[in-house]
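J.: What follows is work-v4.csv, made up of CSV, C-alpha atoms:
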```
chain,number,residue,atom,x,y,z
J,1,MET,CA,-15.7,7.3,11.0
J,2,ASN,CA,-16.5,7.0,7.4
J,3,THR,CA,-14.4,10.0,6.3
J,4,ILE,CA,-10.6,10.2,5.7
J,5,GLY,CA,-8.7,13.4,5.2
J,6,HIS,CA,-8.8,17.0,6.5
J,7,PHE,CA,-8.4,19.2,3.4
J,8,PHE,CA,-8.9,16.5,0.7
J,9,ARG,CA,-11.7,14.4,2.2
J,10,PHE,CA,-13.3,11.2,1.1
J,11,THR,CA,-16.5,10.0,2.7
J,12,ALA,CA,-17.6,6.4,1.8
J,13,PHE,CA,-21.0,4.8,2.1
J,14,GLY,CA,-22.8,1.5,1.3
J,15,GLU,CA,-22.9,-2.2,2.2
J,16,SER,CA,-21.9,-5.4,0.3
J,17,HIS,CA,-25.5,-6.4,-0.5
J,18,GLY,CA,-27.2,-3.0,-0.6
J,19,PRO,CA,-28.3,-1.4,-3.8
J,20,ALA,CA,-25.1,0.6,-4.3
J,21,ILE,CA,-21.9,1.8,-2.7
J,22,GLY,CA,-20.3,5.1,-3.3
J,23,GLY,CA,-18.6,8.2,-1.9
J,24,VAL,CA,-18.1,11.9,-1.8
J,25,VAL,CA,-14.7,13.5,-2.6
J,26,ASP,CA,-14.5,17.0,-1.2
J,27,GLY,CA,-11.6,19.4,-1.5
J,28,MET,CA,-10.7,18.8,-5.1
J,29,PRO,CA,-9.6,22.1,-6.6
J,30,ALA,CA,-11.6,23.5,-9.5
J,31,GLY,CA,-10.4,23.4,-13.1
J,32,LEU,CA,-8.9,19.9,-13.4
J,33,THR,CA,-9.9,17.9,-16.4
J,34,LEU,CA,-11.0,14.6,-14.9
J,35,ASP,CA,-10.2,11.4,-16.9
J,36,LEU,CA,-13.2,9.1,-16.2
J,37,THR,CA,-11.6,6.3,-18.3
J,38,ALA,CA,-8.6,6.3,-15.9
J,39,ILE,CA,-11.1,6.0,-12.9
J,40,GLN,CA,-12.8,3.1,-14.6
J,41,GLU,CA,-9.5,1.3,-15.4
J,42,ALA,CA,-8.6,1.5,-11.7
J,43,LEU,CA,-12.0,0.0,-10.7
J,44,ASP,CA,-11.5,-2.8,-13.3
J,45,ARG,CA,-8.2,-3.8,-11.6
J,46,ARG,CA,-10.0,-4.3,-8.3
J,47,ARG,CA,-13.3,-5.8,-9.4
J,48,PRO,CA,-14.2,-9.4,-8.8
J,49,GLY,CA,-14.9,-12.1,-11.3
J,50,THR,CA,-11.8,-11.5,-13.5
J,51,ASP,CA,-9.6,-14.4,-12.2
J,52,PRO,CA,-10.5,-17.9,-10.9
J,53,ARG,CA,-8.4,-17.2,-7.8
J,54,THR,CA,-10.7,-14.3,-6.8
J,55,SER,CA,-14.4,-14.1,-5.9
J,56,THR,CA,-16.6,-15.2,-8.8
J,57,ARG,CA,-19.1,-12.4,-7.9
J,58,ARG,CA,-19.4,-10.5,-11.2
J,59,GLU,CA,-19.7,-6.8,-10.7
J,60,PRO,CA,-19.3,-4.4,-13.6
J,61,ASP,CA,-18.3,-1.7,-11.2
J,62,ARG,CA,-19.4,1.1,-13.5
J,63,ILE,CA,-19.0,4.5,-11.8
J,64,LYS,CA,-21.7,7.2,-12.0
J,65,ILE,CA,-20.6,10.7,-11.2
J,66,ASN,CA,-23.5,12.6,-9.7
J,67,SER,CA,-21.9,16.0,-8.9
J,68,GLY,CA,-18.8,18.1,-9.0
J,69,ILE,CA,-18.0,17.8,-12.7
J,70,PHE,CA,-19.1,20.3,-15.4
J,71,GLU,CA,-18.1,19.9,-19.0
J,72,GLY,CA,-15.4,17.5,-18.0
J,73,LYS,CA,-13.7,19.7,-15.4
J,74,THR,CA,-13.9,19.7,-11.6
J,75,THR,CA,-15.9,22.6,-10.2
J,76,GLY,CA,-14.3,22.7,-6.8
J,77,THR,CA,-17.5,21.4,-5.2
J,78,PRO,CA,-18.0,17.9,-3.8
J,79,ILE,CA,-17.7,15.0,-6.3
J,80,ALA,CA,-20.3,12.5,-5.5
J,81,PHE,CA,-20.4,9.1,-7.2
J,82,THR,CA,-22.2,5.7,-6.9
J,83,ILE,CA,-21.3,2.2,-8.0
J,84,ASP,CA,-24.3,-0.2,-8.3
J,85,ASN,CA,-24.2,-3.6,-6.7
J,86,CYS,CA,-25.4,-5.9,-9.5
J,87,ASP,CA,-24.6,-9.5,-8.5
J,88,ALA,CA,-25.3,-9.9,-4.8
J,89,ARG,CA,-26.7,-13.2,-3.8
J,90,SER,CA,-27.9,-12.6,-0.3
J,91,THR,CA,-29.4,-16.1,0.1
J,92,ASP,CA,-25.9,-17.5,0.2
J,93,TYR,CA,-25.6,-16.1,3.6
J,94,ASP,CA,-28.9,-17.3,5.1
J,95,ASN,CA,-27.1,-20.0,7.1
J,96,MET,CA,-24.8,-17.4,8.7
J,97,ARG,CA,-27.5,-15.1,10.0
J,98,ASP,CA,-27.2,-16.4,13.6
J,99,LYS,CA,-23.6,-17.6,13.5
J,100,ILE,CA,-20.4,-15.8,14.2
J,101,ARG,CA,-17.9,-16.1,11.4
J,102,PRO,CA,-14.4,-16.6,12.9
J,103,GLY,CA,-12.0,-13.9,12.1
J,104,HIS,CA,-14.7,-11.5,10.8
J,105,ALA,CA,-16.3,-8.4,12.4
J,106,ASP,CA,-19.6,-10.2,13.1
J,107,ALA,CA,-19.1,-10.3,16.9
J,108,THR,CA,-17.6,-6.8,17.2
J,109,TYR,CA,-20.4,-5.2,15.1
J,110,THR,CA,-23.0,-7.0,17.1
J,111,LEU,CA,-21.4,-5.9,20.4
J,112,LYS,CA,-21.1,-2.3,19.2
J,113,TYR,CA,-24.4,-1.8,17.4
J,114,GLY,CA,-26.6,-4.6,18.8
J,115,LEU,CA,-27.2,-5.9,15.2
J,116,ARG,CA,-25.3,-6.6,12.0
J,117,ASP,CA,-25.9,-7.1,8.3
J,118,HIS,CA,-25.0,-10.7,7.8
J,119,ARG,CA,-25.2,-10.5,4.0
J,120,GLY,CA,-21.6,-10.6,2.9
J,121,GLY,CA,-20.4,-8.7,5.9
J,122,GLY,CA,-22.4,-5.6,5.2
J,123,ARG,CA,-20.4,-2.5,5.9
J,124,ALA,CA,-17.4,-4.5,6.9
J,125,SER,CA,-17.1,-6.2,3.5
J,126,ALA,CA,-14.2,-5.6,1.2
J,127,ARG,CA,-16.8,-4.9,-1.4
J,128,THR,CA,-16.8,-1.3,-0.1
J,129,THR,CA,-13.2,-0.8,-1.2
J,130,ALA,CA,-14.4,-0.3,-4.8
J,131,ALA,CA,-15.5,3.2,-3.7
J,132,THR,CA,-12.1,3.7,-2.1
J,133,VAL,CA,-10.4,2.8,-5.4
J,134,ALA,CA,-12.6,5.3,-7.3
J,135,ALA,CA,-11.8,8.1,-4.9
J,136,GLY,CA,-8.1,7.2,-5.0
J,137,ALA,CA,-8.2,7.4,-8.8
J,138,ILE,CA,-9.6,10.9,-8.5
J,139,ALA,CA,-6.9,11.8,-6.0
J,140,ALA,CA,-4.3,10.3,-8.3
J,141,GLN,CA,-5.2,12.8,-11.1
J,142,PHE,CA,-4.8,15.7,-8.6
J,143,ILE,CA,-1.4,14.7,-7.3
J,144,ALA,CA,-0.2,14.0,-10.9
J,145,VAL,CA,-0.4,17.7,-11.5
J,146,TYR,CA,2.5,17.9,-8.9
J,147,GLY,CA,4.4,15.1,-10.6
J,148,ILE,CA,3.6,12.5,-8.0
J,149,LYS,CA,2.9,8.9,-9.2
J,150,VAL,CA,2.0,6.0,-7.0
J,151,LYS,CA,2.5,2.3,-7.9
J,152,ALA,CA,1.9,-0.8,-5.9
J,153,VAL,CA,2.6,-4.5,-6.6
J,154,ALA,CA,1.9,-7.8,-5.0
J,155,SER,CA,5.3,-8.6,-3.4
J,156,GLN,CA,4.5,-11.7,-1.3
J,157,ILE,CA,1.8,-14.4,-1.1
J,158,GLY,CA,2.3,-17.0,1.6
J,159,ARG,CA,6.0,-17.7,1.7
J,160,ALA,CA,6.6,-16.9,-1.9
J,161,THR,CA,8.0,-13.6,-3.3
J,162,THR,CA,8.4,-14.5,-7.0
J,163,PRO,CA,5.4,-14.3,-9.5
J,164,GLU,CA,5.6,-18.1,-10.1
J,165,GLY,CA,5.8,-18.9,-6.5
J,166,MET,CA,2.9,-16.6,-5.6
J,167,LEU,CA,0.7,-18.3,-8.2
J,168,ARG,CA,1.6,-21.7,-6.7
J,169,GLU,CA,0.6,-20.5,-3.2
J,170,LEU,CA,-2.7,-19.3,-4.5
J,171,GLU,CA,-3.5,-22.5,-6.3
J,172,ALA,CA,-2.5,-24.7,-3.4
J,173,ALA,CA,-4.7,-22.7,-1.0
J,174,ARG,CA,-7.6,-22.8,-3.3
J,175,ALA,CA,-7.3,-26.6,-3.9
J,176,ALA,CA,-7.3,-27.1,-0.2
J,177,GLY,CA,-10.3,-25.0,0.5
J,178,ASP,CA,-8.0,-22.7,2.4
J,179,THR,CA,-6.8,-19.1,2.1
J,180,VAL,CA,-3.4,-17.4,2.3
J,181,GLY,CA,-2.0,-14.0,3.4
J,182,GLY,CA,0.5,-11.8,1.7
J,183,ALA,CA,1.9,-8.3,1.2
J,184,VAL,CA,1.7,-5.3,-1.1
J,185,THR,CA,4.7,-3.0,-1.7
J,186,CYS,CA,4.0,0.6,-2.7
J,187,ILE,CA,6.2,3.4,-4.0
J,188,ALA,CA,5.3,7.0,-4.4
J,189,THR,CA,7.7,8.9,-6.7
J,190,GLY,CA,8.0,12.6,-7.4
J,191,CYS,CA,6.8,13.7,-3.9
J,192,PRO,CA,8.0,17.1,-3.0
J,193,ALA,CA,9.8,17.7,0.3
J,194,GLY,CA,7.8,19.1,3.2
J,195,LEU,CA,4.7,16.9,3.2
J,196,GLY,CA,3.6,15.9,6.7
J,197,GLU,CA,3.6,17.4,10.1
J,198,PRO,CA,6.3,17.2,12.8
J,199,ILE,CA,4.4,15.5,15.7
J,200,PHE,CA,0.9,14.1,15.5
J,201,GLY,CA,0.4,14.5,11.8
J,202,LYS,CA,3.6,12.7,10.7
J,203,LEU,CA,3.3,11.6,7.1
J,204,GLN,CA,4.1,8.0,7.9
J,205,ALA,CA,1.4,8.0,10.7
J,206,ARG,CA,-1.2,9.3,8.2
J,207,LEU,CA,-0.2,6.7,5.7
J,208,ALA,CA,-0.3,4.0,8.3
J,209,ALA,CA,-3.8,5.0,9.4
J,210,ALA,CA,-4.9,4.9,5.8
J,211,MET,CA,-3.4,1.6,5.0
J,212,MET,CA,-4.6,0.0,8.3
J,213,SER,CA,-8.2,0.9,7.4
J,214,ILE,CA,-8.1,-1.5,4.5
J,215,ASN,CA,-9.9,-4.8,5.1
J,216,ALA,CA,-7.6,-7.6,6.3
J,217,ALA,CA,-4.6,-5.3,6.7
J,218,LYS,CA,-2.4,-6.4,9.6
J,219,SER,CA,0.7,-4.3,9.5
J,220,PHE,CA,2.3,-1.2,7.8
J,221,GLU,CA,5.9,-0.3,7.4
J,222,TYR,CA,7.9,2.2,5.5
J,223,GLY,CA,11.6,2.5,4.6
J,224,ASP,CA,13.5,-0.3,6.3
J,225,GLY,CA,10.4,-1.2,8.4
J,226,THR,CA,10.8,-4.2,10.6
J,227,ASP,CA,14.2,-5.0,9.1
J,228,ALA,CA,15.5,-1.9,11.1
J,229,ALA,CA,15.1,-3.9,14.3
J,230,ARG,CA,18.0,-6.2,13.2
J,231,LEU,CA,20.3,-3.4,12.0
J,232,HIS,CA,23.1,-1.4,13.6
J,233,GLY,CA,23.1,2.4,13.2
J,234,SER,CA,26.1,2.0,10.8
J,235,GLU,CA,23.9,-0.2,8.6
J,236,SER,CA,20.8,2.0,8.5
J,237,LEU,CA,22.3,5.5,8.4
J,238,ASP,CA,21.3,7.6,5.4
J,239,THR,CA,24.3,9.6,4.4
J,240,PRO,CA,23.3,13.0,2.9
J,241,THR,CA,24.6,13.5,-0.6
J,242,GLY,CA,22.9,16.7,-1.7
J,243,LEU,CA,20.4,19.4,-0.7
J,244,ASP,CA,18.4,21.5,-3.1
J,245,SER,CA,14.6,21.3,-3.3
J,246,ALA,CA,14.9,17.8,-1.7
J,247,LEU,CA,17.3,15.9,0.6
J,248,HIS,CA,19.3,13.4,-1.3
J,249,THR,CA,20.7,10.4,0.5
J,250,SER,CA,22.9,7.4,-0.3
J,251,GLU,CA,20.4,4.6,0.5
J,252,ASN,CA,17.0,6.0,1.5
J,253,HIS,CA,16.7,3.7,4.5
J,254,CYS,CA,14.2,6.2,5.9
J,255,GLY,CA,11.7,5.5,3.1
J,256,GLY,CA,11.5,9.1,2.0
J,257,ILE,CA,10.3,10.4,5.4
J,258,LEU,CA,12.3,12.0,8.2
J,259,GLY,CA,10.8,13.5,11.3
J,260,GLY,CA,7.3,12.9,9.9
J,261,ILE,CA,8.1,15.0,6.8
J,262,SER,CA,8.8,13.9,3.3
J,263,THR,CA,12.4,14.3,2.1
J,264,GLY,CA,11.7,14.6,-1.6
J,265,GLU,CA,13.0,11.1,-2.3
J,266,ASP,CA,10.8,8.1,-3.1
J,267,ILE,CA,8.3,7.1,-0.3
J,268,THR,CA,8.5,3.3,0.1
J,269,MET,CA,6.0,1.3,2.1
J,270,ARG,CA,4.7,-2.2,2.6
J,271,VAL,CA,1.3,-3.5,3.8
J,272,CYS,CA,0.8,-7.0,5.0
J,273,PHE,CA,-2.6,-8.8,4.8
J,274,LYS,CA,-3.9,-11.7,6.8
J,275,PRO,CA,-5.4,-14.8,5.2
J,276,ILE,CA,-9.1,-14.3,4.2
J,277,ALA,CA,-11.1,-15.5,7.2
J,278,THR,CA,-13.8,-17.3,5.2
J,279,MET,CA,-12.7,-20.7,4.1
J,280,MET,CA,-14.5,-23.2,1.9
J,281,ARG,CA,-14.4,-25.8,4.6
J,282,PRO,CA,-16.4,-26.4,7.8
J,283,VAL,CA,-15.0,-24.5,10.9
J,284,GLU,CA,-16.0,-24.5,14.6
J,285,THR,CA,-17.6,-21.3,15.9
J,286,ILE,CA,-20.5,-20.2,18.1
J,287,ASP,CA,-23.9,-18.8,17.4
J,288,LEU,CA,-25.3,-15.5,18.7
J,289,LYS,CA,-26.4,-17.2,21.9
J,290,GLY,CA,-22.8,-18.4,22.6
J,291,SER,CA,-23.5,-22.1,21.8
J,292,PRO,CA,-20.9,-24.1,19.9
J,293,CYS,CA,-21.8,-24.8,16.3
J,294,ILE,CA,-20.3,-25.5,12.9
J,295,LEU,CA,-20.1,-22.9,10.1
J,296,ASP,CA,-20.1,-24.3,6.6
J,297,ALA,CA,-19.6,-21.1,4.6
J,298,LYS,CA,-21.3,-20.5,1.3
J,299,GLY,CA,-20.9,-17.6,-1.1
J,300,ARG,CA,-18.1,-16.4,-3.3
J,301,HIS,CA,-14.9,-15.5,-1.7
J,302,ASP,CA,-11.3,-14.6,-2.5
J,303,VAL,CA,-8.5,-17.0,-1.8
J,304,CYS,CA,-6.1,-14.1,-0.9
J,305,ALA,CA,-6.7,-10.4,-0.3
J,306,VAL,CA,-3.5,-9.3,-2.0
J,307,PRO,CA,-4.3,-9.4,-5.8
J,308,ARG,CA,-7.3,-7.1,-5.5
J,309,ALA,CA,-5.8,-5.1,-2.6
J,310,VAL,CA,-3.0,-3.7,-4.8
J,311,PRO,CA,-5.2,-0.9,-6.3
J,312,VAL,CA,-6.7,-0.2,-2.9
J,313,VAL,CA,-3.3,0.4,-1.4
J,314,GLU,CA,-2.5,2.8,-4.3
J,315,ALA,CA,-5.8,4.6,-3.7
J,316,MET,CA,-5.1,5.1,0.0
J,317,ALA,CA,-1.6,6.4,-0.7
J,318,CYS,CA,-3.1,8.8,-3.3
J,319,LEU,CA,-5.8,10.1,-0.9
J,320,THR,CA,-3.3,10.6,1.9
J,321,LEU,CA,-0.8,12.5,-0.3
J,322,ALA,CA,-3.5,14.6,-1.9
J,323,ASP,CA,-4.6,15.7,1.6
J,324,ALA,CA,-0.9,16.3,2.6
J,325,LEU,CA,-0.4,18.5,-0.5
J,326,LEU,CA,-3.3,20.7,0.3
J,327,ALA,CA,-2.1,21.0,4.0
J,328,ALA,CA,1.3,22.0,2.8
J,329,ARG,CA,-0.2,24.9,0.9
J,330,CYS,CA,-1.3,26.3,4.3
J,331,SER,CA,2.0,25.8,6.2
J,332,ARG,CA,4.3,28.3,4.4
J,333,ILE,CA,4.0,31.8,2.9
```
Transcribe the structure of this file into structure tokens.
T.:
Amino acid sequence: MNTIGHFFRFTAFGESHGPAIGGVVDGMPAGLTLDLTAIQEALDRRRPGTDPRTSTRREPDRIKINSGIFEGKTTGTPIAFTIDNCDARSTDYDNMRDKIRPGHADATYTLKYGLRDHRGGGRASARTTAATVAAGAIAAQFIAVYGIKVKAVASQIGRATTPEGMLRELEAARAAGDTVGGAVTCIATGCPAGLGEPIFGKLQARLAAAMMSINAAKSFEYGDGTDAARLHGSESLDTPTGLDSALHTSENHCGGILGGISTGEDITMRVCFKPIATMMRPVETIDLKGSPCILDAKGRHDVCAVPRAVPVVEAMACLTLADALLAARCSRI
């Protein structure tokens, strides 16, 4: 599937070393003044080549809107956009054509399709998340009409959780030709109560599906998350303190979602990312015939997914909440 959402839908296309990546956002209501500068600012936060600890691939990531906007306002029709790939170096991957990169989708793509684009991972590349960020920035402007804001931050890299410690982890991994994992924490404020469905469309399940579609994501949690496994009921109970247009509680252990439906309090979530699989050191692997070989990776790669994953997490949250908002319009007279 290359589409996420039911009412507010985003379809993505493109490969890492193709001429362009892009997408189509369908379901955006008409009449919204779209701030293209805000979309570009979101892309600039994700793009490579801005920090020595990220890939040195230099992509301007300038978005081109091809449809769905007239005189600065949304028309209610599909918003199609493209982002050119300007700095791909496909020859860097020539030595990987017949080798399986450990930890990547090379083997599974080959087993599923019978072939793969070896240039930078093709469709499996995190390069494609630029389109996700653009679509999420469009969704962010829609949900802002309802007072919803989404903010994500890097909350852990390696074993460090402070800004200084996270920088040290990044530098140490880069110096060793290694990579490192981490986590992104995201909070959605201003969400109305009633988003999400009771059983199979639970809001946390929709958010989890969105977050786990991000490259290198390994886990998703909301509210107390995995900490809940260590708690007693007396430690994790949310005592109600008020009920108006939202349910107010003493602690918000539930992360703003109960029974799959938003309570009206902040929605809190966390996404963990594995270390980038490509390391700047030789590693053992096999070739497409199954014979042992050594992979000495070339190319330009991030040391850690987390710094550039922050706007991607925000984008996925915005897309999911935009879809939930439109669904909520249909659930009550």
J.: Within 7 Å of range 205-219 of chain J, counting all atoms listed in the file, which residues qualify if same-chain residues fewer than 3 places away don't, as a PDB file with C-alpha atoms, in the frame of the given file?
T.:
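around_21.pdb, written as the output of this step:
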```
ATOM      1  CA  ALA J 126     -14.200  -5.600   1.200  1.00  0.00           C
ATOM      2  CA  GLY J 201       0.400  14.500  11.800  1.00  0.00           C
ATOM      3  CA  LYS J 202       3.600  12.700  10.700  1.00  0.00           C
ATOM      4  CA  VAL J 271       1.300  -3.500   3.800  1.00  0.00           C
ATOM      5  CA  CYS J 272       0.800  -7.000   5.000  1.00  0.00           C
ATOM      6  CA  PHE J 273      -2.600  -8.800   4.800  1.00  0.00           C
ATOM      7  CA  LYS J 274      -3.900 -11.700   6.800  1.00  0.00           C
ATOM      8  CA  VAL J 313      -3.300   0.400  -1.400  1.00  0.00           C
ATOM      9  CA  MET J 316      -5.100   5.100   0.000  1.00  0.00           C
ATOM     10  CA  ALA J 317      -1.600   6.400  -0.700  1.00  0.00           C
ATOM     11  CA  THR J 320      -3.300  10.600   1.900  1.00  0.00           C
TER      12      THR J 320
END
```
J.: Using only C-alpha atoms for the distances, tell me which of J:Ile138, J:Gly14, J:Tyr146, J:Asp84 is nearest to Met28 in chain J.
T.: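 That would be J:Ile138, the residue with the smallest distance to Met28 in chain J.
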J.: Which polymer residues have any atom within 12 Å of an atom of Asp94 in chain J, counting all atoms listed in the file, with same-chain residues fewer than 3 positions away left out, as an MDAnalysis selection string?
T.: chainID J and resid 89:91 97:99 117:120 295:299
J.: Which residues, written as a ChimeraX atom specification, have at least one atom at most 12 Å from Gly121 in chain J, with only C-alpha atoms counted and residues fewer than 3 positions away on the same chain left out?
T.: /J:14-18,88,90,92-93,96-97,100-101,103-110,115-118,124-128,215,277-278,299,301
J.: Applying 6 Å and all atoms listed in the file, which residues near Gly223 in chain J remain after dropping the ones on its own chain fewer than 2 positions away? List them as a count of residues only.
T.: 5
J.: Which residue is closest to Pro78 in chain J? Choose from J:Arg9, J:Arg168, J:Arg308, J:Arg47 and count only C-alpha atoms.
T.: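 The answer is J:Arg9, which sits nearest to Pro78 in chain J.
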J.: What's around Gly256 in chain J at 9 Å? Count only C-alpha atoms, leave out sequence neighbours fewer than 5 positions away in its own chain, and write the answer as a VMD selection string.
T.: chain J and resid 191 193 222 to 223 261 to 268
J.: What does the distance between CA of Gly5 in chain J and CA of Leu325 in chain J come to in Å, to one decimal place?
T.: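 Result for CA of Gly5 in chain J versus CA of Leu325 in chain J: 11.3 Å, one decimal.
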J.: Nearest to Ala137 in chain J among J:Ala152, J:Ile187, J:Ile294, J:Ala315, with distances taken over all atoms listed in the file: which residue is it?
T.: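 With all atoms listed in the file as the atom set, the closest residue is J:Ala315.
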J.: Between J:Gly177, J:Gly122, J:Pro60, J:Gly260, single out the one closest to Met280 in chain J, counting all atoms listed in the file.
T.: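 Looking only at the distances to Met280 in chain J, the closest residue turns out to be J:Gly177.
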J.: Work out how far apart CA of Ala309 in chain J and CA of Pro275 in chain J are and give it in Å to one decimal.
T.: 12.5 Å
